[in-house]
Every structure is written in C-alpha cells, then in structure tokens.
Amino acid sequence: MSQHTTSPGRPAEPAAVRDLPEPMPLRRMVGPGIVAVGIGMAAGEIILWPYLTSIGGLGLLWLALATLVVQLVINMEIERYTLATGQTVVAGFSRWWKGWGVLICLAGAFQYVWPGWATSGSTVFTYLAGGGDPVWITVGVLVAIGALLTLSKVIYRTVERVEAVKVALTLFFLAVAAVFVISLSTWGEGAEKTVTGFGRIPDGITFTMILSALGAAGAGGVHNLVLSNWIRDKRYGMGAHVPRLISPITGREEAAGGDRFTFPETAENLARWRVWWKRANVEHFVTFFLVCLVTISVMSLLAYETLFGRGDLESGPSFLRVQGEVMAAEVGEWLKPLFFAIAAVSLWAAAMGLLDVIGRVASDFLRRNYLAGSARWTESRLYLAVVWAEIVLGSAILLAGFDQPIALLLVSTCAASVVTLLYSILLVRLNTRDLPGAVRIRGVRLAGMVIAIAFYGFFALAMVITQIQDL
C-alpha cells in the first residue's frame with residue numbers, strides 16, 4: 001500500500017505506508033543534539049565568539065542568544081520532516097528539483113573543504129607541545145579521522161561517542177574557568193550587556209565578522225541539515241524503518257537513500273507523534289540549545305576577563321596562546337596545558353564531525369538521485385569516497401600554502417550563514433506541503449521560521465551591501 005505526493009515538475013513518488021513506531025524513552029533519544037553541539041562547539045564557541053569579544057567586548061552576547069533561538073526553531077523543523085517520513089530533508093528538497101541537492105552539496109563542500117577547524121586544533125596543539133608544524137600535524141589528524149570513520153561498524157555511534165566525550169571535557173573546563181578565572185563583576189557585566197546591548201553592534205565588528213559568527217554559533221549551514229541523518233540512524237520516528245549507514249568494510253547492512261514513508265492519521269499514530277515530537281524537542285533543547293548557550297557565554301566571558309583591551313592580539317588562534325598565558329599567570333601554570341589540550345581535542349573532534357556531515361549529505365543525495373540502481377556504489381561506499389576526497393583536497397589546500405586558520409574559518413562560516421538562509425526557505429515549503437496534514441508546520445512554529453528567514457536574510461544582505469560599498 002502506498003501514498004503519492006505530487007511535486008511540481010516531477011511525477012508523483014510513492015511513499016510506503018507504515019505505522020509510526022512506539023516512542024522510545026527520552027533517555028534513549030539523547031544523542032543527536034550532543035553530536036550537533038559537539039561538532040558545532042568549535043569555531044564559534046572556542047575561536048570566533050571569544051575573538052569577537054576580545055575585540056568588541058560583551059556587547060554581542062545578545063546576538064549569540066538570538067542566533068541559538070533561531071537555530072533551535074530551524075533544527076526542529078529539520079527533525080519534523082524526518083520524524084514523519086524517515087527521509088532526509090535534502091532528499092525531500094531534491095524530490096522537487098535535483099538542483100537543490102546539487103546546490104546544497106556544493107555549498108557543503110565549499111563550507112567544509114577548508115580545514116580551518118583541524119588546522120586551528122593543530123595550531124593550539126603546537127602551543128601545548130612547544131613546537132611543530134601545524135600543516136603536517138593537520139594532515140596526519142585528517143588521515144587518522146578518515147581511518148576511524150572507515151573502520152567504524154555503525155558510523156553514527158562512533159561519531160556520537162567522540163562528540164559526547166568532547167562535550168564532557170569542554171563542560172569540565174568551563175566549570176573550572178567559571179570557578180577560578182571569571183570574576184563576579186564580569187558575570188554581572190555580561191548579564192547587563194546582553195540586555196542593554198540588544199540590537200547594537202560594538203565598534204570594530206564588521207558585518208562580515210558578524211555573518212561568520214552567526215554561521216558558527218551552535219551548528220550552522222549544512223551541519224544543521226544532517227540532523228536528519230543522525231536522528232534516522234538513532235531510530236527516531238519513521239527513521240526506524242530505514243537501514244543505518246554502516247561501514248562497507250566492517251559491517252553488512254546498507255543504508256538506502258531513497259526510502260520515504262508516511263503513516264495513517266489514526267488516533268493511535270497521532271498520539272505516538274505527539275510523544276515523539278515532545279521528546280525530540282526536549283532532547284534538542286537541553287543537549288543542543290542549553291549546552292551551546294553555556295559554552296558561548298562562558299568562553300566569551302573568559303576571553304573578556306583575560307584579553308579585552310589588549311593591543312597585542314592577532315587575528316588568529318594565537319590569541320588562544322595569549323589567553324592561556326594570562327590564565328597561567330593569574331591562576332596557575334596548571335591551567336594553561338589543560339586549556340590547550342581541551343581546545344585542541346575539541347577542534348579536532350569538530351573536524352571529524354564535519355567530515356561526517358558532508359559525507360552523509362553527498363552520499364545520500366548521490367545514491368538517491370543518480371546511483372540508485374548501482375550495486376557497486378552503495379551509500380556506505382559513496383560516504384567513504386566523499387570523506388576521503390575531502391581529506392585529500394583539504395590536505396592539498398594546506399600543503400599549497402593556504403593555512404591561516406582564521407581566514408579558513410571566516411570563509412567557512414560566512415558560507416554557512418548564506419546556505420542556512422536558503423534551506424530555511426525550502427524547509428517552510430517542505431513542511432507545509434509534503435507532510436500529513438496533522439503534523440505540518442503551522443502557528444507559532446511557522447512564525448518562528450519566518451523570523452529565522454528574516455534574521456539570516458538581514459545580515460546576509462547587510463554584508464553584501466557593505467562589500468559593494470567597500471568596492
């Protein structure tokens with residue numbers, strides 16, 4: 001039995017009808033939010049937001065809060081579609097026009113091929129080790145990450161475990177910083193600036209830097225879209241009917257990118273839906289929104305406490321070295337290696353997650369739209385091919401001499417903000433027309449998506465206007 005959904009310009013596609021599975025306990029649903037925050041807890045929380053704070057003070061904390069609220073709304077609409085269909089949102093977009101999938105894959109490649117996160121981690125590692133070449137360290141780290149993903153039987157589980165350890169270590173350091181470094185007056189000033197500075201941009205902060213910070217707060221860009229893949233592999237909702245992504249070397253099960261399901265709108269299914277939706281919102285609010293908020297706030301306060309007002313800061317991760325030295329002088333030498341070690345591990349773990357992100361998006365799209373009948377190019381093999389292509393290309397970029405972390409991060413995160421604007425518009429269309437009537441986006445959630453589109457659109461337009469004026 002199947003149901004057909006008509007998409008403009010394409011023939012109707014069948015969606016297999018299955019009952020919505022029974023909701024799993026909330027404790028078993030914990031994971032996708034941690035993976036999202038673990039990958040996102042890098043460029044924004046450790047590098048860009050603290051760097052902006054060291055330049056312009058605490059006057060941008062309001063923007064970090066606003067960005068996280070907007071991303072929470074967007075992320076839950078990504079989860080809504082996959083919960084209800086088992087299909088990723090990129091596959092949903094591609095059902096109308098394959099070009100959307102092509103654009104998103106290209107945007108993801110442009111966003112993540114620059115190995116800014118891994119290079120930043122390697123740069124910080126040289127501070128810890130007392131020397132070394134960040135370029136060759138980064139190449140070695142990328143190859144090690146590729147080997148780990150290749151040999152993982154269930155790839156999602158490996159990524160989840162790595163990011164969970166990273167989040168735990170980061171929260172431990174934040175607790176240490178909150179107790180030993182940040183003064184009560186800085187806490188009070190941060191709270192005051194968040195309220196009184198709302199809507200204001202501090203002197204010295206450009207729109208390009210703001211757009212970059214927006215793309216690096218929490219998740220950003222194509223990173224958000226892969227929530228579809230992660231909750232599917234976690235067996236959320238209708239995703240339980242779809243095979244998971246398994247290594248072709250160490251596993252047997254193959255993921256199929258073209259699966260799409262729907263459920264009859266019976267009282268039983270709708271009751272299950274309400275429980276699934278409530279628990280998915282709770283999981284993401286706690287593990288993504290609250291953890292991101294705490295991390296950005298504490299790291300920014302830490303940067304303000306240790307670096308604000310100094311005239312010797314450079315536009316790169318070297319300000320982390322200065323920060324470590326200041327903390328060592330004020331608190332104790334023991335804090336500096338702890339800070340450097342956790343920062344390096346955190347940035348490398350983010351690099352691993354980002355390789356997983358574009359690998360999942362590209363393999364899902366290519367398998368479904370171009371290689372569905374191929375016995376050789378399964379989704380798992382496509383995934384590994386994309387991951388290793390990213391590693392080779394990223395290494396080539398570094399070895400060619402383009403190895404400045406902050407420049408790489410600005411390129412990546414500006415691209416993230418622009419692509420977020422694009423798919424936010426597509427998400428509204430997807431969740432108003434391509435879902436069963438009872439679970440479509442409406443009311444407050446729809447208004448939130450309109451605000452999200454306006455939010456990213458305003459800053460993207462402001463950056464374009466600023467660049468034109470400069471030219």
# chains A, B, ... in the order shown; residues from 1 in each chain; ligands from 1
$ residues_around --residues "A:Leu142" --least-positions-apart "4" --cutoff "9 Å" --atoms "only C-alpha atoms" --output "list in words"
Pro115, Ala118, Ile137, Thr138, Gly146, Ala147, Trp348, Ala351, Met352, Ile391, Val392, Gly394 and Ser395 of chain A
$ residues_around --residues "A:Arg368" --least-positions-apart "3" --cutoff "12 Å" --atoms "only C-alpha atoms" --output "list in words"
Gln87, Thr88, Val90, Ala91, Gly92, Ser94, Arg95, Lys98, Gly101, Ala255, Ala256, Gly257, Gly258, Asp259, Arg260, Val361, Ala362, Ser363, Asp364, Phe365, Leu371, Ala372, Gly373, Ser374, Trp377, Thr378, Glu379 and Leu382 of chain A
$ select_by_dssp --residues "stretch 54-266 of chain A" --states "helix (DSSP H, G or I)" --output "NGL selection string"
:A and (54-85 or 89-96 or 98-112 or 116-129 or 134-150 or 155-180 or 184-196 or 207-216 or 222-225 or 227-233 or 237-241)
$ write_last_selection --atoms "C-alpha atoms" --output "compact mmCIF listing (two decimals), in the first residue's frame"
# COMPACT_ATOMS: atom_id res chain seq x y z
CA SER A 54 38.26 40.25 22.85
CA ILE A 55 37.82 42.99 20.24
CA GLY A 56 34.39 44.47 20.93
CA GLY A 57 33.58 43.40 24.48
CA LEU A 58 30.41 41.71 25.70
CA GLY A 59 28.04 43.73 23.53
CA LEU A 60 27.43 40.84 21.10
CA LEU A 61 26.21 38.25 23.60
CA TRP A 62 22.63 39.18 22.74
CA LEU A 63 23.31 38.14 19.13
CA ALA A 64 24.63 34.75 20.23
CA LEU A 65 21.45 34.15 22.24
CA ALA A 66 19.24 35.25 19.33
CA THR A 67 21.13 33.02 16.89
CA LEU A 68 20.74 29.96 19.10
CA VAL A 69 16.99 30.57 19.48
CA VAL A 70 16.64 30.86 15.70
CA GLN A 71 18.69 27.70 15.16
CA LEU A 72 16.57 25.79 17.66
CA VAL A 73 13.49 26.61 15.58
CA ILE A 74 15.17 25.64 12.30
CA ASN A 75 16.65 22.41 13.68
CA MET A 76 13.32 21.16 14.97
CA GLU A 77 11.75 21.70 11.52
CA ILE A 78 14.55 19.58 10.07
CA GLU A 79 13.76 16.90 12.63
CA ARG A 80 10.00 17.20 12.00
CA TYR A 81 10.30 16.08 8.38
CA THR A 82 12.49 13.06 9.09
CA LEU A 83 10.47 12.04 12.15
CA ALA A 84 7.36 11.93 9.94
CA THR A 85 8.87 10.38 6.78
CA VAL A 89 15.36 16.93 4.20
CA VAL A 90 17.94 17.14 1.40
CA ALA A 91 16.25 14.17 -0.26
CA GLY A 92 12.93 15.94 0.31
CA PHE A 93 14.17 19.09 -1.42
CA SER A 94 15.56 17.01 -4.29
CA ARG A 95 12.16 15.43 -4.94
CA TRP A 96 11.04 18.78 -6.36
CA LYS A 98 17.60 17.77 -8.16
CA GLY A 99 19.33 21.13 -8.43
CA TRP A 100 18.55 21.87 -4.78
CA GLY A 101 20.53 18.83 -3.73
CA VAL A 102 23.39 19.80 -6.05
CA LEU A 103 23.50 23.33 -4.64
CA ILE A 104 23.44 22.12 -1.04
CA CYS A 105 26.19 19.54 -1.69
CA LEU A 106 28.34 22.18 -3.38
CA ALA A 107 27.67 24.62 -0.54
CA GLY A 108 28.64 21.93 1.96
CA ALA A 109 31.83 21.17 0.07
CA PHE A 110 32.71 24.87 -0.07
CA GLN A 111 31.87 25.30 3.61
CA TYR A 112 33.84 22.33 4.94
CA GLY A 116 40.06 25.56 9.42
CA TRP A 117 38.88 23.58 12.45
CA ALA A 118 41.56 20.90 12.17
CA THR A 119 44.26 23.49 11.46
CA SER A 120 43.20 25.56 14.45
CA GLY A 121 43.36 22.46 16.64
CA SER A 122 46.83 21.65 15.35
CA THR A 123 47.98 25.24 15.92
CA VAL A 124 46.80 25.08 19.54
CA PHE A 125 48.47 21.67 19.90
CA THR A 126 51.83 23.25 18.97
CA TYR A 127 51.38 25.62 21.92
CA LEU A 128 50.92 22.59 24.15
CA ALA A 129 53.80 20.59 22.64
CA PRO A 134 50.59 22.70 12.16
CA VAL A 135 50.20 21.79 8.48
CA TRP A 136 51.70 18.32 8.74
CA ILE A 137 50.03 17.72 12.10
CA THR A 138 46.70 18.56 10.48
CA VAL A 139 47.30 16.23 7.55
CA GLY A 140 48.09 13.42 9.98
CA VAL A 141 44.98 14.16 12.05
CA LEU A 142 42.75 14.17 8.95
CA VAL A 143 44.12 10.80 7.83
CA ALA A 144 43.59 9.36 11.33
CA ILE A 145 39.99 10.62 11.35
CA GLY A 146 39.38 9.06 7.94
CA ALA A 147 40.72 5.70 9.16
CA LEU A 148 38.49 5.82 12.26
CA LEU A 149 35.35 6.53 10.21
CA THR A 150 36.29 3.86 7.66
CA ILE A 155 29.43 5.22 11.86
CA TYR A 156 26.87 7.27 13.80
CA ARG A 157 27.73 5.51 17.07
CA THR A 158 31.42 6.34 16.67
CA VAL A 159 30.70 9.99 15.93
CA GLU A 160 28.25 10.20 18.85
CA ARG A 161 30.75 8.73 21.31
CA VAL A 162 33.58 11.01 20.20
CA GLU A 163 31.42 14.13 20.39
CA ALA A 164 29.98 13.10 23.78
CA VAL A 165 33.49 12.82 25.24
CA LYS A 166 34.42 16.17 23.70
CA VAL A 167 31.33 17.87 25.17
CA ALA A 168 32.03 16.38 28.62
CA LEU A 169 35.66 17.59 28.57
CA THR A 170 34.62 21.06 27.42
CA LEU A 171 31.97 21.40 30.14
CA PHE A 172 34.56 20.30 32.71
CA PHE A 173 36.90 23.07 31.59
CA LEU A 174 34.08 25.62 31.60
CA ALA A 175 33.32 24.71 35.21
CA VAL A 176 36.99 25.22 36.10
CA ALA A 177 37.04 28.59 34.31
CA ALA A 178 33.81 29.72 35.96
CA VAL A 179 35.21 29.00 39.43
CA PHE A 180 38.87 30.03 39.12
CA LEU A 184 31.72 38.16 39.74
CA SER A 185 31.88 41.62 38.16
CA THR A 186 32.40 40.08 34.71
CA TRP A 187 29.39 37.80 35.23
CA GLY A 188 27.30 40.82 36.15
CA GLU A 189 28.53 42.88 33.22
CA GLY A 190 27.81 40.02 30.82
CA ALA A 191 24.21 39.78 32.01
CA GLU A 192 23.80 43.56 31.78
CA LYS A 193 25.30 43.84 28.27
CA THR A 194 23.10 41.02 26.97
CA VAL A 195 20.03 43.09 27.90
CA THR A 196 21.15 46.69 27.36
CA PHE A 207 29.15 42.66 9.10
CA THR A 208 31.40 40.01 7.56
CA MET A 209 32.61 39.05 11.03
CA ILE A 210 29.01 39.02 12.29
CA LEU A 211 27.82 36.77 9.46
CA SER A 212 30.73 34.47 10.20
CA ALA A 213 29.81 34.39 13.90
CA LEU A 214 26.18 33.63 13.05
CA GLY A 215 27.29 30.65 10.98
CA ALA A 216 29.50 29.41 13.81
CA VAL A 222 24.85 22.17 6.02
CA HIS A 223 25.76 20.96 9.52
CA ASN A 224 22.14 21.53 10.66
CA LEU A 225 20.70 19.54 7.78
CA LEU A 227 20.28 16.22 11.92
CA SER A 228 18.02 14.32 9.51
CA ASN A 229 20.64 11.63 9.04
CA TRP A 230 21.58 11.44 12.71
CA ILE A 231 18.03 11.09 14.06
CA ARG A 232 17.34 8.50 11.37
CA ASP A 233 20.34 6.46 12.48
CA GLY A 237 10.06 8.02 14.38
CA MET A 238 9.74 6.73 10.83
CA GLY A 239 13.53 6.63 10.63
CA ALA A 240 13.27 3.27 12.38
CA HIS A 241 12.14 1.82 9.03
$ atom_distance --atom1 "atom CA of A:Tyr51" --atom2 "atom CA of A:Leu320"
8.8 Å
$ residues_around --residues "A:Ala343" --least-positions-apart "3" --cutoff "8 Å" --atoms "only C-alpha atoms" --output "PyMOL selection string"
chain A and resi 46+121+124+339-340+346-347
